[in-house]
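Take a look at the structure set out below.
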Amino acid sequence: MEKLLYNRYDKSLIPQLPRVVFQGRIVVVQSAGEAERAVDYLLSCDLLGIDSETRPSFRRGENHKVSLLQVSTRDICFLFRLNMTGLTPSLLRLLEDTTVPKVGLSLQDDMLMLHKRAAFTPGLFIDLQHEVKRIGIEDMSLQKLYANFFGMRIRKREQLSNWERDVLTDAQKLYAATDAWACISLYEELLRLEATGDYRLVVVPAPVQPQQQASDITNETPLQQ
């Protein structure tokens, strides 16, 4: 059946959608040895989803380094607690790897934050924000993209939680794993739709901004007296 997609998805529809969560295994990594074993496994896979989390700052001048790096396969997600381990040699090997595609969203921001922990040369990364443009989609957020492609809602409640707490909550772990895994699902669905052409894009006009409305009125040709 043909899938209906929108170049811009109406955010107000998202709260009504059923929630999606990662159904696989979640492994929290808190030591260099655990990271080494996890990276060896991840680099044996054919496709990875990737994301990161940083403890939010609520005071002026307060900044934190990236706290968590989540890397997922289709059925297992590793949560690397960078606030405990830093970027270990094995994690640098993962980030510089050029053989396994790593799919994420707004990767430029993730790379910028990770570079504050250690210098590295990014390997094979695929940014969904660039990829979806090929079929005319203009949305840039993971939540909107997932709702558009699958009609399901990714909850963002844990986004501004403390990612440096001693023990992550189950809700934090599920949130982090879902974001990384969702990137794989979106990328594979995008490739399927491109290969089959089994979709129709509905173009929603951009909303008129109040400033633009005022400008249009000002620029109207005055009526002849």
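Going through the structure tokens in order, the chains are called A, B, and so on, while each chain numbers its residues from 1 and the ligands are numbered from 1 in the order shown.
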
List the neighbours of range 180-189 of chain A out to 8 Å using only C-alpha atoms; skip same-chain residues closer than 4 positions along the sequence, and give me the result as an MDAnalysis selection string.
chainID A and resid 22 47:51 70:74 77 103:105 128 142 145:146 149 176 193

Those same residues, written as a PDB file, in the first residue's frame with N, CA and C atoms?
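Dumped everything to part-v9.pdb:
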```
ATOM      1  N   PHE A  22      12.096   1.200  22.026  1.00  0.00           N
ATOM      2  CA  PHE A  22      13.026   0.148  21.652  1.00  0.00           C
ATOM      3  C   PHE A  22      12.672  -1.132  22.397  1.00  0.00           C
ATOM      4  N   LEU A  47      25.064  -2.263  10.144  1.00  0.00           N
ATOM      5  CA  LEU A  47      24.480  -0.923  10.207  1.00  0.00           C
ATOM      6  C   LEU A  47      24.245  -0.561  11.671  1.00  0.00           C
ATOM      7  N   LEU A  48      24.569   0.686  12.030  1.00  0.00           N
ATOM      8  CA  LEU A  48      24.415   1.130  13.415  1.00  0.00           C
ATOM      9  C   LEU A  48      23.642   2.441  13.466  1.00  0.00           C
ATOM     10  N   GLY A  49      22.888   2.625  14.559  1.00  0.00           N
ATOM     11  CA  GLY A  49      22.268   3.911  14.848  1.00  0.00           C
ATOM     12  C   GLY A  49      23.038   4.565  15.977  1.00  0.00           C
ATOM     13  N   ILE A  50      23.166   5.890  15.930  1.00  0.00           N
ATOM     14  CA  ILE A  50      24.010   6.567  16.910  1.00  0.00           C
ATOM     15  C   ILE A  50      23.367   7.877  17.353  1.00  0.00           C
ATOM     16  N   ASP A  51      23.587   8.207  18.625  1.00  0.00           N
ATOM     17  CA  ASP A  51      23.082   9.464  19.182  1.00  0.00           C
ATOM     18  C   ASP A  51      23.905   9.770  20.432  1.00  0.00           C
ATOM     19  N   GLN A  70      25.110   6.655  22.721  1.00  0.00           N
ATOM     20  CA  GLN A  70      24.334   5.443  22.532  1.00  0.00           C
ATOM     21  C   GLN A  70      24.496   4.948  21.099  1.00  0.00           C
ATOM     22  N   VAL A  71      24.836   3.678  20.966  1.00  0.00           N
ATOM     23  CA  VAL A  71      25.050   3.063  19.656  1.00  0.00           C
ATOM     24  C   VAL A  71      24.236   1.777  19.605  1.00  0.00           C
ATOM     25  N   SER A  72      23.387   1.677  18.596  1.00  0.00           N
ATOM     26  CA  SER A  72      22.429   0.582  18.552  1.00  0.00           C
ATOM     27  C   SER A  72      22.541  -0.232  17.265  1.00  0.00           C
ATOM     28  N   THR A  73      22.246  -1.527  17.402  1.00  0.00           N
ATOM     29  CA  THR A  73      21.964  -2.362  16.240  1.00  0.00           C
ATOM     30  C   THR A  73      20.437  -2.449  16.167  1.00  0.00           C
ATOM     31  N   ARG A  74      19.921  -3.370  15.375  1.00  0.00           N
ATOM     32  CA  ARG A  74      18.466  -3.521  15.299  1.00  0.00           C
ATOM     33  C   ARG A  74      17.886  -4.110  16.585  1.00  0.00           C
ATOM     34  N   CYS A  77      21.274  -2.245  22.143  1.00  0.00           N
ATOM     35  CA  CYS A  77      21.812  -0.884  22.206  1.00  0.00           C
ATOM     36  C   CYS A  77      22.783  -0.767  23.373  1.00  0.00           C
ATOM     37  N   VAL A 103      24.309   5.674  11.381  1.00  0.00           N
ATOM     38  CA  VAL A 103      23.248   6.609  11.010  1.00  0.00           C
ATOM     39  C   VAL A 103      22.818   7.412  12.226  1.00  0.00           C
ATOM     40  N   GLY A 104      22.718   8.727  12.058  1.00  0.00           N
ATOM     41  CA  GLY A 104      22.268   9.583  13.140  1.00  0.00           C
ATOM     42  C   GLY A 104      21.510  10.779  12.602  1.00  0.00           C
ATOM     43  N   LEU A 105      21.239  11.711  13.476  1.00  0.00           N
ATOM     44  CA  LEU A 105      20.481  12.907  13.126  1.00  0.00           C
ATOM     45  C   LEU A 105      21.207  14.112  13.682  1.00  0.00           C
ATOM     46  N   LEU A 128      20.626  11.625   8.728  1.00  0.00           N
ATOM     47  CA  LEU A 128      19.259  11.531   8.207  1.00  0.00           C
ATOM     48  C   LEU A 128      18.723  12.882   7.746  1.00  0.00           C
ATOM     49  N   LEU A 142      13.851  14.223  14.940  1.00  0.00           N
ATOM     50  CA  LEU A 142      13.610  12.781  14.963  1.00  0.00           C
ATOM     51  C   LEU A 142      12.146  12.482  15.244  1.00  0.00           C
ATOM     52  N   LEU A 145      10.069  13.151  12.104  1.00  0.00           N
ATOM     53  CA  LEU A 145      10.383  12.182  11.054  1.00  0.00           C
ATOM     54  C   LEU A 145       9.760  10.825  11.352  1.00  0.00           C
ATOM     55  N   TYR A 146       9.849  10.377  12.602  1.00  0.00           N
ATOM     56  CA  TYR A 146       9.309   9.066  12.941  1.00  0.00           C
ATOM     57  C   TYR A 146       7.788   9.065  12.830  1.00  0.00           C
ATOM     58  N   PHE A 149       6.991   8.948   9.007  1.00  0.00           N
ATOM     59  CA  PHE A 149       7.284   7.676   8.333  1.00  0.00           C
ATOM     60  C   PHE A 149       6.463   6.506   8.879  1.00  0.00           C
ATOM     61  N   ALA A 176      17.129   6.855  25.571  1.00  0.00           N
ATOM     62  CA  ALA A 176      18.389   6.924  24.833  1.00  0.00           C
ATOM     63  C   ALA A 176      18.477   5.826  23.779  1.00  0.00           C
ATOM     64  N   LEU A 193      11.581   2.904   0.453  1.00  0.00           N
ATOM     65  CA  LEU A 193      10.666   3.751  -0.302  1.00  0.00           C
ATOM     66  C   LEU A 193      11.321   4.282  -1.573  1.00  0.00           C
TER      67      LEU A 193
END
```

Using only C-alpha atoms, which residues sit within 10 Å of Arg165 in chain A once same-chain residues fewer than 4 positions away are excluded, as a list of chain:residue names?
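What passes the distance filter is A:Arg55, A:Ser67, A:Asn83, A:Ser161, A:Thr169.
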
Which is closest to Asp198 in chain A among A:Leu112, A:Ile135, A:Met152, A:Met140, if we use only C-alpha atoms?
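Smallest distance to Asp198 in chain A is found for A:Ile135.
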
Taking the DSSP assignment computed from this structure's backbone, write out as an NGL selection string all residues of chain A that belong to strand (DSSP E or B).
:A and (3-6 or 19 or 25-29 or 48-54 or 66-72 or 76-81 or 102-104 or 125-127 or 153 or 199-202)
